[in-house]
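Structure file run13.cif (mmCIF, C-alpha atoms and all ligand atoms) follows.
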```cif
data_structure
#
loop_
_atom_site.label_atom_id
_atom_site.label_comp_id
_atom_site.auth_asym_id
_atom_site.auth_seq_id
_atom_site.Cartn_x
_atom_site.Cartn_y
_atom_site.Cartn_z
CA MET E 28 12.67 -0.95 -9.97
CA THR E 29 13.84 2.13 -11.78
CA LYS E 30 11.53 4.66 -10.16
CA GLU E 31 13.96 5.08 -7.26
CA TYR E 32 16.52 6.82 -9.54
CA LYS E 33 14.70 10.12 -9.87
CA HIS E 34 15.62 13.49 -8.41
CA HIS E 35 15.01 12.34 -4.86
CA PRO E 36 15.36 8.94 -3.28
CA SER E 37 11.99 7.60 -2.14
CA LEU E 38 12.07 5.86 1.23
CA GLU E 39 9.33 3.52 0.08
CA ASN E 40 11.14 2.52 -3.11
CA LEU E 41 14.40 2.03 -1.25
CA ILE E 42 12.79 -0.32 1.23
CA GLU E 43 10.95 -2.26 -1.47
CA SER E 44 13.82 -2.49 -3.94
CA GLU E 45 16.19 -4.28 -1.59
CA ASP E 46 15.52 -7.51 0.19
CA MET E 47 15.36 -5.98 3.65
CA GLY E 48 13.36 -8.81 5.15
CA LEU E 49 10.18 -6.72 5.30
CA GLU E 50 7.23 -8.91 4.41
CA VAL E 51 4.39 -6.54 5.35
CA LEU E 52 4.75 -3.18 3.63
CA HIS E 53 2.10 -1.23 5.53
CA PRO E 54 1.48 0.06 9.05
CA GLY E 55 -0.60 -2.01 11.45
CA ALA E 56 0.96 -5.36 10.47
CA LEU E 57 -1.51 -8.17 9.74
CA GLU E 58 -3.96 -6.90 12.37
CA ILE E 59 -5.11 -4.17 9.98
CA THR E 60 -5.38 -6.76 7.18
CA GLU E 61 -7.64 -8.79 9.45
CA GLU E 62 -9.74 -5.72 10.28
CA LEU E 63 -10.06 -4.85 6.59
CA ALA E 64 -11.09 -8.46 5.83
CA GLU E 65 -13.78 -8.34 8.50
CA LEU E 66 -15.13 -5.00 7.29
CA CYS E 67 -15.29 -6.46 3.76
CA HIS E 68 -17.11 -9.57 5.08
CA ILE E 69 -14.45 -11.98 3.82
CA GLY E 70 -15.33 -15.55 4.80
CA LYS E 71 -14.94 -19.11 3.66
CA ASP E 72 -14.71 -19.31 -0.16
CA THR E 73 -15.00 -15.54 -0.70
CA LYS E 74 -13.19 -14.71 -3.94
CA VAL E 75 -10.74 -11.91 -3.13
CA LEU E 76 -8.47 -9.82 -5.34
CA ASP E 77 -5.49 -8.15 -3.60
CA VAL E 78 -4.37 -5.23 -5.78
CA ALA E 79 -0.65 -4.44 -5.34
CA SER E 80 -0.14 -7.62 -3.35
CA GLY E 81 3.55 -6.94 -2.62
CA THR E 82 5.37 -9.90 -1.07
CA GLY E 83 2.10 -11.88 -0.85
CA GLU E 84 2.09 -11.86 2.94
CA SER E 85 -1.49 -10.56 3.26
CA ALA E 86 -2.79 -12.94 0.58
CA CYS E 87 -1.26 -15.92 2.42
CA PHE E 88 -2.61 -14.64 5.74
CA LEU E 89 -6.14 -14.29 4.32
CA VAL E 90 -6.16 -17.80 2.85
CA GLU E 91 -4.76 -19.32 6.05
CA ASN E 92 -7.09 -17.46 8.40
CA PHE E 93 -10.32 -16.93 6.45
CA SER E 94 -10.24 -19.97 4.10
CA CYS E 95 -11.00 -17.64 1.21
CA GLN E 96 -9.65 -17.76 -2.35
CA VAL E 97 -7.17 -15.02 -3.20
CA VAL E 98 -5.65 -13.72 -6.42
CA GLY E 99 -2.85 -11.18 -6.10
CA VAL E 100 -1.77 -8.68 -8.73
CA ASP E 101 1.31 -6.46 -8.59
CA ALA E 102 3.19 -4.35 -11.13
CA SER E 103 6.61 -5.55 -9.98
CA ASP E 104 8.16 -8.77 -11.35
CA TYR E 105 10.26 -8.98 -8.20
CA MET E 106 7.20 -8.85 -5.91
CA VAL E 107 5.19 -11.31 -8.02
CA GLN E 108 8.07 -13.80 -7.94
CA LYS E 109 8.58 -13.36 -4.22
CA ALA E 110 4.85 -13.84 -3.54
CA ARG E 111 4.69 -16.98 -5.70
CA GLU E 112 7.66 -18.52 -3.88
CA LYS E 113 6.15 -17.66 -0.49
CA ALA E 114 2.76 -19.23 -1.30
CA LYS E 115 4.46 -22.35 -2.66
CA LYS E 116 6.59 -22.68 0.48
CA ARG E 117 3.47 -22.40 2.65
CA GLY E 118 1.61 -24.94 0.50
CA LEU E 119 -1.05 -22.42 -0.55
CA ASN E 120 -2.80 -22.29 -3.87
CA ILE E 121 -2.72 -18.55 -4.64
CA GLU E 122 -2.38 -17.07 -8.09
CA PHE E 123 -0.07 -14.06 -8.30
CA ARG E 124 -0.08 -12.18 -11.58
CA LYS E 125 1.82 -9.24 -12.92
CA GLY E 126 -0.57 -6.40 -13.67
CA ASP E 127 -1.28 -2.71 -13.39
CA ALA E 128 -3.84 -1.46 -10.88
CA HIS E 129 -5.00 1.09 -13.49
CA ASN E 130 -5.87 -1.64 -15.96
CA LEU E 131 -6.65 -4.79 -13.99
CA PRO E 132 -6.31 -7.92 -16.12
CA PHE E 133 -9.79 -9.22 -15.18
CA GLU E 134 -13.32 -9.06 -16.56
CA ASP E 135 -16.03 -6.97 -14.92
CA ASP E 136 -17.82 -8.35 -11.84
CA CYS E 137 -15.58 -11.30 -11.02
CA PHE E 138 -14.52 -10.91 -7.36
CA ASP E 139 -16.60 -10.79 -4.17
CA VAL E 140 -14.05 -8.50 -2.52
CA VAL E 141 -11.27 -6.31 -3.92
CA ILE E 142 -8.73 -4.86 -1.52
CA SER E 143 -5.60 -2.78 -1.79
CA GLU E 144 -3.29 -2.10 1.13
CA CYS E 145 -1.21 1.05 1.42
CA THR E 146 -0.88 1.61 -2.34
CA VAL E 147 -3.71 3.69 -3.84
CA SER E 148 -2.13 7.00 -2.80
CA LEU E 149 0.77 6.10 -5.16
CA LEU E 150 -1.60 5.67 -8.10
CA ASP E 151 -4.08 7.66 -10.14
CA LYS E 152 -6.51 7.27 -7.24
CA GLU E 153 -9.79 7.90 -9.03
CA HIS E 154 -8.88 5.56 -11.85
CA ALA E 155 -7.57 2.81 -9.56
CA ILE E 156 -10.67 2.86 -7.32
CA CYS E 157 -12.95 2.70 -10.39
CA GLU E 158 -10.96 -0.31 -11.64
CA MET E 159 -11.33 -2.02 -8.25
CA ALA E 160 -15.09 -1.36 -8.37
CA ARG E 161 -15.34 -2.59 -11.97
CA VAL E 162 -13.99 -6.07 -11.19
CA THR E 163 -16.13 -6.40 -8.02
CA LYS E 164 -19.42 -8.29 -8.24
CA SER E 165 -22.66 -6.49 -7.32
CA GLY E 166 -23.16 -6.76 -3.59
CA GLY E 167 -19.39 -7.17 -3.09
CA TYR E 168 -16.97 -4.89 -1.23
CA VAL E 169 -14.05 -2.68 -2.15
CA GLY E 170 -11.67 -1.89 0.70
CA ILE E 171 -8.38 -0.13 1.16
CA HIS E 172 -6.20 1.18 3.92
CA ASP E 173 -3.87 4.03 3.18
CA ILE E 174 -2.22 7.16 4.49
CA CYS E 175 -4.45 10.24 4.80
CA TRP E 176 -3.92 13.91 5.48
CA LYS E 177 -5.46 15.75 8.38
CA GLU E 178 -7.92 18.43 7.19
CA ASP E 179 -5.59 21.34 8.08
CA THR E 180 -2.47 20.04 6.31
CA PRO E 181 -0.47 22.85 4.68
CA GLU E 182 -0.34 22.60 0.87
CA ASN E 183 3.47 22.77 0.80
CA LEU E 184 3.69 19.60 2.88
CA LYS E 185 1.40 17.78 0.45
CA GLN E 186 3.49 19.02 -2.44
CA ARG E 187 6.77 17.88 -0.85
CA LEU E 188 5.43 14.37 -0.18
CA GLU E 189 4.35 14.14 -3.80
CA GLU E 190 7.76 15.35 -5.00
CA ILE E 191 9.75 12.99 -2.79
CA GLU E 192 7.58 9.90 -2.45
CA ASP E 193 5.21 10.30 -5.40
CA GLU E 194 2.31 9.84 -2.97
CA ARG E 195 -0.91 11.85 -3.09
CA PRO E 196 -3.03 10.86 -0.11
CA GLU E 197 -6.51 12.28 0.45
CA THR E 198 -8.07 13.42 3.69
CA LEU E 199 -10.38 10.86 5.27
CA GLU E 200 -13.39 12.66 3.77
CA GLY E 201 -11.53 12.91 0.45
CA TRP E 202 -11.04 9.13 0.34
CA LYS E 203 -14.73 8.59 1.13
CA GLY E 204 -15.61 11.01 -1.67
CA LEU E 205 -13.52 9.06 -4.19
CA PHE E 206 -15.26 5.80 -3.22
CA GLU E 207 -18.66 7.47 -3.65
CA LYS E 208 -17.60 8.91 -6.98
CA ALA E 209 -16.76 5.36 -8.11
CA GLY E 210 -20.42 4.45 -7.43
CA LEU E 211 -19.77 2.61 -4.15
CA LYS E 212 -22.43 2.80 -1.43
CA ASP E 213 -22.47 2.66 2.38
CA VAL E 214 -18.94 4.01 2.35
CA MET E 215 -17.36 3.89 5.79
CA ALA E 216 -14.05 5.16 7.11
CA VAL E 217 -12.11 4.05 10.18
CA ASP E 218 -9.44 6.41 11.46
CA LYS E 219 -6.27 4.41 12.22
CA SER E 220 -3.94 7.39 12.58
CA TYR E 221 -2.57 6.09 15.88
CA LEU E 222 -0.58 3.56 13.80
CA ILE E 223 1.56 6.22 12.12
CA PRO E 224 3.85 7.48 14.94
CA GLY E 225 5.31 4.02 15.63
CA TRP E 226 5.60 2.92 12.00
CA GLY E 227 9.05 4.39 11.23
CA GLU E 228 10.54 2.81 14.34
CA GLU E 229 8.87 -0.50 13.52
CA ILE E 230 10.54 -0.49 10.08
CA LYS E 231 13.92 0.48 11.54
CA LYS E 232 13.69 -2.33 14.09
CA LYS E 233 12.88 -4.85 11.36
CA ILE E 234 15.60 -3.83 8.90
CA GLY E 235 18.18 -3.40 11.68
CA ILE E 236 21.37 -1.33 11.65
CA LYS E 237 22.61 -3.28 8.63
CA GLY E 238 19.50 -2.33 6.62
CA GLU E 239 19.74 1.32 7.66
CA LEU E 240 23.39 1.42 6.65
CA LYS E 241 22.61 -0.20 3.31
CA ILE E 242 19.97 2.48 2.61
CA PHE E 243 22.27 5.28 3.74
CA LEU E 244 25.12 4.11 1.49
CA LYS E 245 22.84 3.64 -1.50
CA VAL E 246 21.35 7.12 -1.07
CA PHE E 247 24.75 8.69 -0.59
CA ARG E 248 26.19 6.94 -3.64
CA ASN E 249 23.31 7.88 -5.94
CA TRP E 250 22.11 11.26 -4.70
CA GLY E 251 24.82 12.55 -2.33
CA ILE E 252 24.00 14.67 0.69
CA SER E 253 20.91 16.24 -0.93
CA GLY E 254 19.42 12.74 -1.28
CA TYR E 255 20.01 12.13 2.40
CA LYS E 256 18.34 15.48 3.22
CA SER E 257 15.20 14.67 1.22
CA LEU E 258 15.01 11.26 2.86
CA ARG E 259 15.07 12.94 6.27
CA GLU E 260 12.44 15.41 5.06
CA SER E 261 10.19 12.55 4.00
CA GLU E 262 10.63 10.94 7.44
CA GLN E 263 9.72 14.25 9.10
CA ILE E 264 6.53 14.54 7.01
CA PHE E 265 5.49 11.04 8.12
CA LYS E 266 6.23 11.99 11.73
CA SER E 267 4.28 15.25 11.48
CA PRO E 268 0.88 15.63 13.14
CA TYR E 269 -0.67 16.07 9.68
CA MET E 270 -0.11 12.47 8.61
CA GLY E 271 -2.83 9.95 9.36
CA TYR E 272 -3.93 6.49 8.31
CA CYS E 273 -7.37 5.08 7.57
CA ILE E 274 -9.44 2.16 6.32
CA ILE E 275 -12.11 2.88 3.69
CA VAL E 276 -14.72 0.33 2.63
CA GLY E 277 -17.63 0.63 0.21
CA ARG E 278 -20.17 -1.75 -1.29
CA LYS E 279 -20.97 -2.20 -4.96
CA THR E 280 -24.70 -2.28 -5.50
C1 LIG E 301 3.66 -0.09 -0.19
S1 LIG E 301 3.73 -1.54 -1.15
C2 LIG E 301 2.33 -2.40 -0.48
C3 LIG E 301 2.38 -3.87 -0.71
C4 LIG E 301 1.30 -4.68 0.00
N1 LIG E 301 -0.02 -4.27 -0.42
C5 LIG E 301 1.45 -4.56 1.49
O1 LIG E 301 0.67 -3.81 2.10
O2 LIG E 301 2.33 -5.20 2.06
C6 LIG E 301 3.18 -1.00 -2.73
C7 LIG E 301 3.08 -2.11 -3.76
O3 LIG E 301 2.42 -1.56 -4.90
C8 LIG E 301 2.98 -2.11 -6.06
N2 LIG E 301 2.58 -1.21 -7.17
C9 LIG E 301 3.02 0.04 -7.41
N3 LIG E 301 2.39 0.57 -8.48
C10 LIG E 301 1.52 -0.39 -8.92
C11 LIG E 301 0.59 -0.45 -9.99
N4 LIG E 301 0.43 0.57 -10.83
N5 LIG E 301 -0.13 -1.57 -10.15
C12 LIG E 301 0.04 -2.64 -9.32
N6 LIG E 301 0.92 -2.63 -8.29
C13 LIG E 301 1.64 -1.53 -8.09
C14 LIG E 301 4.46 -2.20 -5.74
O4 LIG E 301 5.14 -3.07 -6.59
C15 LIG E 301 4.40 -2.66 -4.28
O5 LIG E 301 4.38 -4.06 -4.21
#
```
Could the structure of this file be written out as structure tokens, please?
Amino acid sequence: MTKEYKHHPSLENLIESEDMGLEVLHPGALEITEELAELCHIGKDTKVLDVASGTGESACFLVENFSCQVVGVDASDYMVQKAREKAKKRGLNIEFRKGDAHNLPFEDDCFDVVISECTVSLLDKEHAICEMARVTKSGGYVGIHDICWKEDTPENLKQRLEEIEDERPETLEGWKGLFEKAGLKDVMAVDKSYLIPGWGEEIKKKIGIKGELKIFLKVFRNWGISGYKSLRESEQIFKSPYMGYCIIVGRKT
């Protein structure tokens, strides 16, 4: 991944670019994946596309627990390879493909459910949600979970998160609006903001002191003290009362 070598280090890119032993790259572990699956009515034989499938952990979980069929797509060669190896090790028949969420390598109307976990705020949101809707069959569901801003978030905080992490979350109503704009109906939102305060600690616990040290040294080597400062700033934004988390689901008619 080259994106991490910009003006600021991005905490997200640092965690993803090293093998830190993190398999689930979103808050709420696999419980939120299960909740999303239920809200999207995933069941036996449902054909699911996981956009930005990361390490493949959610795709494997869905196949093992819902007996559905899953295809995963991710822009990173590293993630696609890791996901393929994981599925093979677990004896699961899951196709993982390299692809861009803005231009999904699938025909229109071919999946019952299309999900994306903790990624759309990194993308051209409107475009990515329209792509998810395009490849969903009529009557199927599009579902995401992602970070969201509280309504009263100061603009400078939004700007700093975009500068440091390249993330542009919406408010909960903003996310619903984007789903409606993509033609999705019965759009519902579930506020999961209680997951955010413990997320940073959860990551630290998983990567351990060794992981933290590795990140610190890499940041120091590449960006010096200013890199370390922007990393801390990013952490503070995530810890601020303005940061929330939500699930959004809509149906294609
Ligand atoms: C925060 S991780 C989430 C991974 C996984 N969905 C999860 O929740 O564990 C973001 C993922 O998005 C992928 N990604 C970033 N930009 C993408 C794009 N334009 N198209 C597809 N995948 C993308 C990254 O490679 C990474 O695997």
Notebook entry, point to check: Would you name the residues within 9 Å of ligand LIG 301 (chain E), counting only C-alpha atoms and all ligand atoms, and put them as a ChimeraX atom specification?
Noted result: /E:28,39-40,43,49-54,56,60,77-85,100-107,125-131,142-147,149-151,155,172
Notebook entry, point to check: Between E:Glu260, E:Glu228, E:Glu153, E:Glu197, which one has atoms that come closest to E:Trp176, using all atoms listed in the file?
Noted result: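 The answer is E:Glu197, which sits nearest to E:Trp176.
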Checklist line | Distance criterion (all atoms listed in the file): nearest to E:Glu190 out of E:Thr73, E:Asn120, E:Thr280, E:Ser257 | finding: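 For E:Glu190, the nearest of the candidates is E:Ser257.
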Checklist line | Residue with smallest distance to E:Ile242 - pool E:Gly204, E:Pro268, E:Gly210, E:Pro36, counting only C-alpha atoms | finding: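 Checking each of E:Gly204, E:Pro268, E:Gly210, E:Pro36 against E:Ile242, counting only C-alpha atoms, the winner is E:Pro36.
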Notebook entry, point to check: Just how far from atom CA of E:Arg124 is atom CA of E:Leu76, in Å to one decimal?
Noted result: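 Atom-to-atom, atom CA of E:Leu76 and atom CA of E:Arg124 are spaced 10.7 Å apart.
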Check: What is the atom CA of E:Glu229-atom CA of E:Val98 distance in Å, reported with one decimal?
Finding: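 About the pair atom CA of E:Glu229 and atom CA of E:Val98: they are 28.0 Å apart.
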Note to self: To one decimal place in Å, what is the distance between atom CA of E:Ala86 and atom CA of E:Ile275?
What the structure shows: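 Here the two named atoms are 18.6 Å from each other.
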Could you work out an axis-aligned bounding box for all listed atoms of stretch 129-134 of chain E, with 4 Å added on each of the six sides, and give its centre and edge lengths in Å to one decimal, as JSON?
```
{"center_x": -9.2, "center_y": -4.1, "center_z": -15.0, "size_x": 16.3, "size_y": 18.3, "size_z": 11.1}
```
